[in-house]
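Participant: Structure below; questions to follow.
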Amino acid sequence: MSAQSTPTFYQSLVAGGLAGTAVDLLFFPIDTVKTRLQSSQGFIRAGGFKGVYRGVGSVVVGSAPGAAVFFCTYDTLKKTLPFSPEYAPLTHMVSASVGEVAACSIRVPTEVIKTRMQTSTYGSAAQSSLASARLVFLTEGIRGFYRGFGSTVMREIPFTSLQFPLYEFLKKRLARTLRRPLHAYEAAVCGSFSGGVAAALTTPLDVLKTRVMLDLRVCPQHHRAGSNYSPFTQDPTKQAHPTLIARFRQIYTVEGPKALFAGVVPRTLWISAGGAVFLGVYEYVVHTLMGTPA
């Protein structure tokens with residue numbers, strides 16, 4: 001993308017939506033393996049390598065709008081923030097962070113449903129993403145769809161603060177070396193490297209997010225006849241959800257430091273390859289919509 005030409009709001013909307021859908025559908029099985037590795041019940045009990053597309057329905061619904069909101073916010077702020085050019089990394093960091101917070105309002109509900117489907121949290125009671133969504137609403141209400149919102153934001157801001165400044169820096173340096181605007185596939189390589197670095201470094205925060213979303217604190221008993229009691233009804237006798245710091249400390253002391261990096265290999269591979277697809281598709285679609293060479 002040339003320095004004289006930037007995408008409009010609607011071009012960012014379309015390109016972001018297509019990029020998000022492409023990467024989430026293509027790499028969903030790797031994400032499932034990563035989530036099951038991070039689950040407290042263990043990889044095999046969470047499903048192992050079976051049914052790696054469980055929960056894909058929620059991704060189909062939420063991926064495009066979530067990615068579209070991110071890129072619309074990111075590209076708009078990049079053009080409007082009052083920082084001078086020498087503070088470009090700060091501009092990219094702030095733009096990407098605000099974009100991620102905005103996207104989380106859409107992404108978190110789909111993540112809650114997706115992670116619970118991937119790990120068969122509801123067992124036979126929910127065989128589809130829609131059934132899982134109904135159970136979340138019946139047992140936890142609207143707030144249940146935003147379980148883990150804080151931990152997701154806490155993961156996304158450091159991740160995107162690493163990924164996008166590095167991505168923009170690599171694109172700028174590569175374009176300067178080649179003495180021409182980058183093609184989409186060249187930008188994809190920059191996206192792959194920056195995504196992989198950010199993914200590996202923020203894995204402990206991803207583990208924390210997964211544990212929060214999967215912690216139902218529910219009664220394990222069966223449905224009681226003649227009552228509204230459900231096997232997934234919240235149990236008021238159980239202790240409240242621990243704070244993020246307490247949960248982090250618990251994982252570290254009980255399971256060891258290694259548990260904080262559970263799933264680091266599939267996460268890094270998924271986001272490294274996914275970063276190439278995500279940012280490559282985005283650049284290609286934006287170039288196409290703008291009528292410039294891709």
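Simple scheme: letters A, B, ... for chains in structure tokens order, numbers from 1 for residues in each chain, numbers from 1 for ligands in the order shown.
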Would you mind listing what lies within 9 Å of Gln163 of chain A as a list in words, with only C-alpha atoms counted and same-chain residues fewer than 2 positions away left out?
Facilitator: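 The contact residues come out as Met93, Ala96, Pro158, Phe159, Thr160, Ser161, Pro165, Leu166, Tyr167, Glu168, Gly191, Phe193, Ser194, Gly195, Gly196, Val197, Ala198 and Ala199 of chain A.
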Participant: Write out as a ChimeraX atom specification each polymer residue whose atoms come within 9 Å of Ala262 of chain A, counting only C-alpha atoms; drop sequence neighbours fewer than 6 positions from it.
Facilitator: /A:34-35,37-39,203-204,207
Participant: For Gln127 of chain A, work out the shell of residues within 10 Å, counting only C-alpha atoms and skipping chain neighbours fewer than 5 positions away, then give it as a list in words.
Facilitator: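 In the requested format, the answer is Arg54, Gly55, Met117, Ser120, Tyr122 and Ser132 of chain A.
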Participant: Considering only C-alpha atoms, state which residue in the set A:Gly141, A:Gly280, A:Gly42, A:Gly291 is at the smallest distance from Ala184 of chain A.
Facilitator: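 Of A:Gly141, A:Gly280, A:Gly42, A:Gly291, the one nearest Ala184 of chain A is A:Gly280, counting only C-alpha atoms.
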Participant: Give me the residues near Arg45 of chain A as a PDB file with all heavy atoms, in the first residue's frame, where near means some atom within 12 Å (using only C-alpha atoms) and where sequence neighbours in that chain fewer than 2 positions away do not count.
Facilitator:
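As a result, out-v8.pdb now contains:
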```pdb
ATOM      1  N   ARG A  36      -7.827 -27.197  23.710  1.00  0.00           N
ATOM      2  CA  ARG A  36      -7.904 -28.433  24.491  1.00  0.00           C
ATOM      3  C   ARG A  36      -6.633 -28.665  25.296  1.00  0.00           C
ATOM      4  O   ARG A  36      -6.686 -29.202  26.399  1.00  0.00           O
ATOM      5  CB  ARG A  36      -8.194 -29.616  23.560  1.00  0.00           C
ATOM      6  CG  ARG A  36      -9.605 -29.564  22.987  1.00  0.00           C
ATOM      7  CD  ARG A  36      -9.859 -30.630  21.932  1.00  0.00           C
ATOM      8  NE  ARG A  36     -11.224 -30.549  21.438  1.00  0.00           N
ATOM      9  CZ  ARG A  36     -11.717 -31.290  20.447  1.00  0.00           C
ATOM     10  NH1 ARG A  36     -10.934 -32.178  19.837  1.00  0.00           N
ATOM     11  NH2 ARG A  36     -12.968 -31.146  20.067  1.00  0.00           N
ATOM     12  N   LEU A  37      -5.500 -28.256  24.770  1.00  0.00           N
ATOM     13  CA  LEU A  37      -4.250 -28.365  25.522  1.00  0.00           C
ATOM     14  C   LEU A  37      -4.260 -27.454  26.749  1.00  0.00           C
ATOM     15  O   LEU A  37      -3.673 -27.764  27.782  1.00  0.00           O
ATOM     16  CB  LEU A  37      -3.056 -28.019  24.623  1.00  0.00           C
ATOM     17  CG  LEU A  37      -2.625 -29.079  23.613  1.00  0.00           C
ATOM     18  CD1 LEU A  37      -1.638 -28.478  22.609  1.00  0.00           C
ATOM     19  CD2 LEU A  37      -2.006 -30.286  24.305  1.00  0.00           C
ATOM     20  N   GLN A  38      -4.925 -26.311  26.628  1.00  0.00           N
ATOM     21  CA  GLN A  38      -4.962 -25.338  27.718  1.00  0.00           C
ATOM     22  C   GLN A  38      -6.047 -25.648  28.748  1.00  0.00           C
ATOM     23  O   GLN A  38      -6.029 -25.108  29.858  1.00  0.00           O
ATOM     24  CB  GLN A  38      -5.190 -23.929  27.156  1.00  0.00           C
ATOM     25  CG  GLN A  38      -4.035 -23.421  26.311  1.00  0.00           C
ATOM     26  CD  GLN A  38      -4.315 -22.069  25.691  1.00  0.00           C
ATOM     27  OE1 GLN A  38      -5.460 -21.602  25.680  1.00  0.00           O
ATOM     28  NE2 GLN A  38      -3.286 -21.424  25.173  1.00  0.00           N
ATOM     29  N   SER A  39      -6.989 -26.504  28.401  1.00  0.00           N
ATOM     30  CA  SER A  39      -8.097 -26.834  29.292  1.00  0.00           C
ATOM     31  C   SER A  39      -7.602 -27.527  30.554  1.00  0.00           C
ATOM     32  O   SER A  39      -6.702 -28.372  30.520  1.00  0.00           O
ATOM     33  CB  SER A  39      -9.093 -27.742  28.565  1.00  0.00           C
ATOM     34  OG  SER A  39     -10.051 -28.249  29.458  1.00  0.00           O
ATOM     35  N   SER A  40      -8.207 -27.190  31.709  1.00  0.00           N
ATOM     36  CA  SER A  40      -7.797 -27.793  32.981  1.00  0.00           C
ATOM     37  C   SER A  40      -8.150 -29.277  33.060  1.00  0.00           C
ATOM     38  O   SER A  40      -7.560 -30.012  33.851  1.00  0.00           O
ATOM     39  CB  SER A  40      -8.459 -27.050  34.150  1.00  0.00           C
ATOM     40  OG  SER A  40      -9.866 -27.113  34.046  1.00  0.00           O
ATOM     41  N   GLN A  41      -9.103 -29.735  32.232  1.00  0.00           N
ATOM     42  CA  GLN A  41      -9.487 -31.151  32.270  1.00  0.00           C
ATOM     43  C   GLN A  41      -8.515 -32.046  31.511  1.00  0.00           C
ATOM     44  O   GLN A  41      -8.596 -33.267  31.583  1.00  0.00           O
ATOM     45  CB  GLN A  41     -10.897 -31.328  31.702  1.00  0.00           C
ATOM     46  CG  GLN A  41     -11.058 -30.879  30.257  1.00  0.00           C
ATOM     47  CD  GLN A  41     -12.508 -30.942  29.791  1.00  0.00           C
ATOM     48  OE1 GLN A  41     -13.161 -31.962  29.950  1.00  0.00           O
ATOM     49  NE2 GLN A  41     -13.002 -29.849  29.244  1.00  0.00           N
ATOM     50  N   GLY A  42      -7.598 -31.440  30.769  1.00  0.00           N
ATOM     51  CA  GLY A  42      -6.609 -32.220  30.027  1.00  0.00           C
ATOM     52  C   GLY A  42      -7.005 -32.417  28.582  1.00  0.00           C
ATOM     53  O   GLY A  42      -8.183 -32.385  28.235  1.00  0.00           O
ATOM     54  N   PHE A  43      -6.012 -32.614  27.745  1.00  0.00           N
ATOM     55  CA  PHE A  43      -6.225 -32.684  26.292  1.00  0.00           C
ATOM     56  C   PHE A  43      -7.154 -33.823  25.878  1.00  0.00           C
ATOM     57  O   PHE A  43      -8.093 -33.621  25.102  1.00  0.00           O
ATOM     58  CB  PHE A  43      -4.869 -32.840  25.589  1.00  0.00           C
ATOM     59  CG  PHE A  43      -4.954 -32.952  24.105  1.00  0.00           C
ATOM     60  CD1 PHE A  43      -5.349 -31.866  23.327  1.00  0.00           C
ATOM     61  CD2 PHE A  43      -4.645 -34.140  23.452  1.00  0.00           C
ATOM     62  CE1 PHE A  43      -5.424 -31.964  21.947  1.00  0.00           C
ATOM     63  CE2 PHE A  43      -4.716 -34.249  22.081  1.00  0.00           C
ATOM     64  CZ  PHE A  43      -5.113 -33.156  21.327  1.00  0.00           C
ATOM     65  N   GLY A  47     -11.348 -33.807  24.443  1.00  0.00           N
ATOM     66  CA  GLY A  47     -11.730 -34.220  23.088  1.00  0.00           C
ATOM     67  C   GLY A  47     -10.593 -34.740  22.249  1.00  0.00           C
ATOM     68  O   GLY A  47     -10.829 -35.347  21.207  1.00  0.00           O
ATOM     69  N   GLY A  48      -9.345 -34.499  22.667  1.00  0.00           N
ATOM     70  CA  GLY A  48      -8.206 -34.962  21.879  1.00  0.00           C
ATOM     71  C   GLY A  48      -8.237 -34.403  20.469  1.00  0.00           C
ATOM     72  O   GLY A  48      -8.444 -33.205  20.266  1.00  0.00           O
ATOM     73  N   PHE A  49      -8.031 -35.297  19.510  1.00  0.00           N
ATOM     74  CA  PHE A  49      -8.038 -34.869  18.106  1.00  0.00           C
ATOM     75  C   PHE A  49      -9.399 -35.108  17.433  1.00  0.00           C
ATOM     76  O   PHE A  49      -9.518 -34.954  16.220  1.00  0.00           O
ATOM     77  CB  PHE A  49      -6.952 -35.620  17.321  1.00  0.00           C
ATOM     78  CG  PHE A  49      -5.551 -35.208  17.706  1.00  0.00           C
ATOM     79  CD1 PHE A  49      -4.760 -36.020  18.494  1.00  0.00           C
ATOM     80  CD2 PHE A  49      -5.031 -33.983  17.287  1.00  0.00           C
ATOM     81  CE1 PHE A  49      -3.476 -35.644  18.856  1.00  0.00           C
ATOM     82  CE2 PHE A  49      -3.752 -33.592  17.638  1.00  0.00           C
ATOM     83  CZ  PHE A  49      -2.966 -34.431  18.426  1.00  0.00           C
ATOM     84  N   LYS A  50     -10.410 -35.473  18.224  1.00  0.00           N
ATOM     85  CA  LYS A  50     -11.728 -35.741  17.651  1.00  0.00           C
ATOM     86  C   LYS A  50     -12.546 -34.455  17.541  1.00  0.00           C
ATOM     87  O   LYS A  50     -12.460 -33.578  18.386  1.00  0.00           O
ATOM     88  CB  LYS A  50     -12.486 -36.746  18.521  1.00  0.00           C
ATOM     89  CG  LYS A  50     -11.816 -38.110  18.629  1.00  0.00           C
ATOM     90  CD  LYS A  50     -12.607 -39.019  19.567  1.00  0.00           C
ATOM     91  CE  LYS A  50     -11.936 -40.373  19.705  1.00  0.00           C
ATOM     92  NZ  LYS A  50     -12.658 -41.262  20.659  1.00  0.00           N
ATOM     93  N   GLN A 118     -15.567 -26.549  21.833  1.00  0.00           N
ATOM     94  CA  GLN A 118     -14.320 -27.244  21.519  1.00  0.00           C
ATOM     95  C   GLN A 118     -13.930 -28.247  22.599  1.00  0.00           C
ATOM     96  O   GLN A 118     -13.336 -29.287  22.296  1.00  0.00           O
ATOM     97  CB  GLN A 118     -13.187 -26.219  21.326  1.00  0.00           C
ATOM     98  CG  GLN A 118     -13.280 -25.429  20.034  1.00  0.00           C
ATOM     99  CD  GLN A 118     -12.241 -24.323  19.969  1.00  0.00           C
ATOM    100  OE1 GLN A 118     -11.905 -23.711  20.984  1.00  0.00           O
ATOM    101  NE2 GLN A 118     -11.724 -24.053  18.783  1.00  0.00           N
ATOM    102  N   THR A 119     -14.236 -27.943  23.843  1.00  0.00           N
ATOM    103  CA  THR A 119     -13.854 -28.813  24.958  1.00  0.00           C
ATOM    104  C   THR A 119     -15.020 -29.649  25.479  1.00  0.00           C
ATOM    105  O   THR A 119     -14.909 -30.276  26.539  1.00  0.00           O
ATOM    106  CB  THR A 119     -13.284 -27.971  26.113  1.00  0.00           C
ATOM    107  OG1 THR A 119     -14.259 -26.970  26.481  1.00  0.00           O
ATOM    108  CG2 THR A 119     -11.997 -27.281  25.709  1.00  0.00           C
ATOM    109  N   SER A 120     -16.151 -29.648  24.750  1.00  0.00           N
ATOM    110  CA  SER A 120     -17.340 -30.431  25.132  1.00  0.00           C
ATOM    111  C   SER A 120     -17.766 -30.150  26.564  1.00  0.00           C
ATOM    112  O   SER A 120     -18.130 -31.054  27.319  1.00  0.00           O
ATOM    113  CB  SER A 120     -17.071 -31.933  24.950  1.00  0.00           C
ATOM    114  OG  SER A 120     -16.728 -32.221  23.618  1.00  0.00           O
ATOM    115  N   THR A 121     -17.715 -28.882  26.960  1.00  0.00           N
ATOM    116  CA  THR A 121     -18.047 -28.492  28.323  1.00  0.00           C
ATOM    117  C   THR A 121     -19.464 -28.900  28.713  1.00  0.00           C
ATOM    118  O   THR A 121     -19.721 -29.311  29.846  1.00  0.00           O
ATOM    119  CB  THR A 121     -17.884 -26.964  28.484  1.00  0.00           C
ATOM    120  OG1 THR A 121     -16.525 -26.618  28.217  1.00  0.00           O
ATOM    121  CG2 THR A 121     -18.240 -26.505  29.894  1.00  0.00           C
ATOM    122  N   GLY A 123     -21.193 -31.307  27.190  1.00  0.00           N
ATOM    123  CA  GLY A 123     -21.442 -32.698  26.848  1.00  0.00           C
ATOM    124  C   GLY A 123     -22.559 -32.854  25.834  1.00  0.00           C
ATOM    125  O   GLY A 123     -22.658 -32.095  24.868  1.00  0.00           O
TER     126      GLY A 123
END
```
Participant: Tell me which protein, DNA and RNA residues are within 10 Å of Leu208 of chain A, counting only C-alpha atoms, leaving out same-chain ones fewer than 6 positions away, and put them as a list in words.
Facilitator: Gln38, Ser39, Gly148, Ser151, Thr152, Met154, Arg155, Leu244, Ile245, Arg247, Phe248, Ile251 and Leu260 of chain A
Participant: Would you save the residues of that selection, restricted to N, CA and C atoms, as a PDB file, in the first residue's frame?
Facilitator:
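To be explicit, this is the file written out as result14.pdb:
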```
ATOM      1  N   GLN A  38      -4.925 -26.311  26.628  1.00  0.00           N
ATOM      2  CA  GLN A  38      -4.962 -25.338  27.718  1.00  0.00           C
ATOM      3  C   GLN A  38      -6.047 -25.648  28.748  1.00  0.00           C
ATOM      4  N   SER A  39      -6.989 -26.504  28.401  1.00  0.00           N
ATOM      5  CA  SER A  39      -8.097 -26.834  29.292  1.00  0.00           C
ATOM      6  C   SER A  39      -7.602 -27.527  30.554  1.00  0.00           C
ATOM      7  N   GLY A 148     -14.887 -13.651  30.799  1.00  0.00           N
ATOM      8  CA  GLY A 148     -13.531 -13.580  30.276  1.00  0.00           C
ATOM      9  C   GLY A 148     -13.253 -12.356  29.426  1.00  0.00           C
ATOM     10  N   SER A 151     -10.052 -10.675  30.755  1.00  0.00           N
ATOM     11  CA  SER A 151      -8.837 -11.444  30.458  1.00  0.00           C
ATOM     12  C   SER A 151      -8.540 -11.459  28.964  1.00  0.00           C
ATOM     13  N   THR A 152      -9.589 -11.397  28.135  1.00  0.00           N
ATOM     14  CA  THR A 152      -9.374 -11.340  26.687  1.00  0.00           C
ATOM     15  C   THR A 152      -8.739 -10.015  26.286  1.00  0.00           C
ATOM     16  N   MET A 154      -7.020  -8.160  28.262  1.00  0.00           N
ATOM     17  CA  MET A 154      -5.675  -8.184  28.850  1.00  0.00           C
ATOM     18  C   MET A 154      -4.704  -8.979  27.979  1.00  0.00           C
ATOM     19  N   ARG A 155      -5.231  -9.948  27.223  1.00  0.00           N
ATOM     20  CA  ARG A 155      -4.386 -10.705  26.291  1.00  0.00           C
ATOM     21  C   ARG A 155      -4.183  -9.927  24.994  1.00  0.00           C
ATOM     22  N   LEU A 244      -8.096 -12.586  38.459  1.00  0.00           N
ATOM     23  CA  LEU A 244      -7.151 -13.013  37.429  1.00  0.00           C
ATOM     24  C   LEU A 244      -5.765 -13.271  38.024  1.00  0.00           C
ATOM     25  N   ILE A 245      -5.362 -12.428  38.966  1.00  0.00           N
ATOM     26  CA  ILE A 245      -4.058 -12.613  39.605  1.00  0.00           C
ATOM     27  C   ILE A 245      -4.040 -13.909  40.414  1.00  0.00           C
ATOM     28  N   ARG A 247      -5.942 -16.529  39.943  1.00  0.00           N
ATOM     29  CA  ARG A 247      -6.009 -17.660  39.014  1.00  0.00           C
ATOM     30  C   ARG A 247      -4.633 -17.911  38.387  1.00  0.00           C
ATOM     31  N   PHE A 248      -3.961 -16.845  38.019  1.00  0.00           N
ATOM     32  CA  PHE A 248      -2.618 -16.965  37.444  1.00  0.00           C
ATOM     33  C   PHE A 248      -1.667 -17.629  38.438  1.00  0.00           C
ATOM     34  N   ILE A 251      -2.451 -21.423  38.816  1.00  0.00           N
ATOM     35  CA  ILE A 251      -1.924 -22.236  37.711  1.00  0.00           C
ATOM     36  C   ILE A 251      -0.423 -22.433  37.885  1.00  0.00           C
ATOM     37  N   LEU A 260       1.548 -22.559  32.013  1.00  0.00           N
ATOM     38  CA  LEU A 260       1.270 -21.221  31.484  1.00  0.00           C
ATOM     39  C   LEU A 260       1.614 -21.113  29.999  1.00  0.00           C
TER      40      LEU A 260
END
```
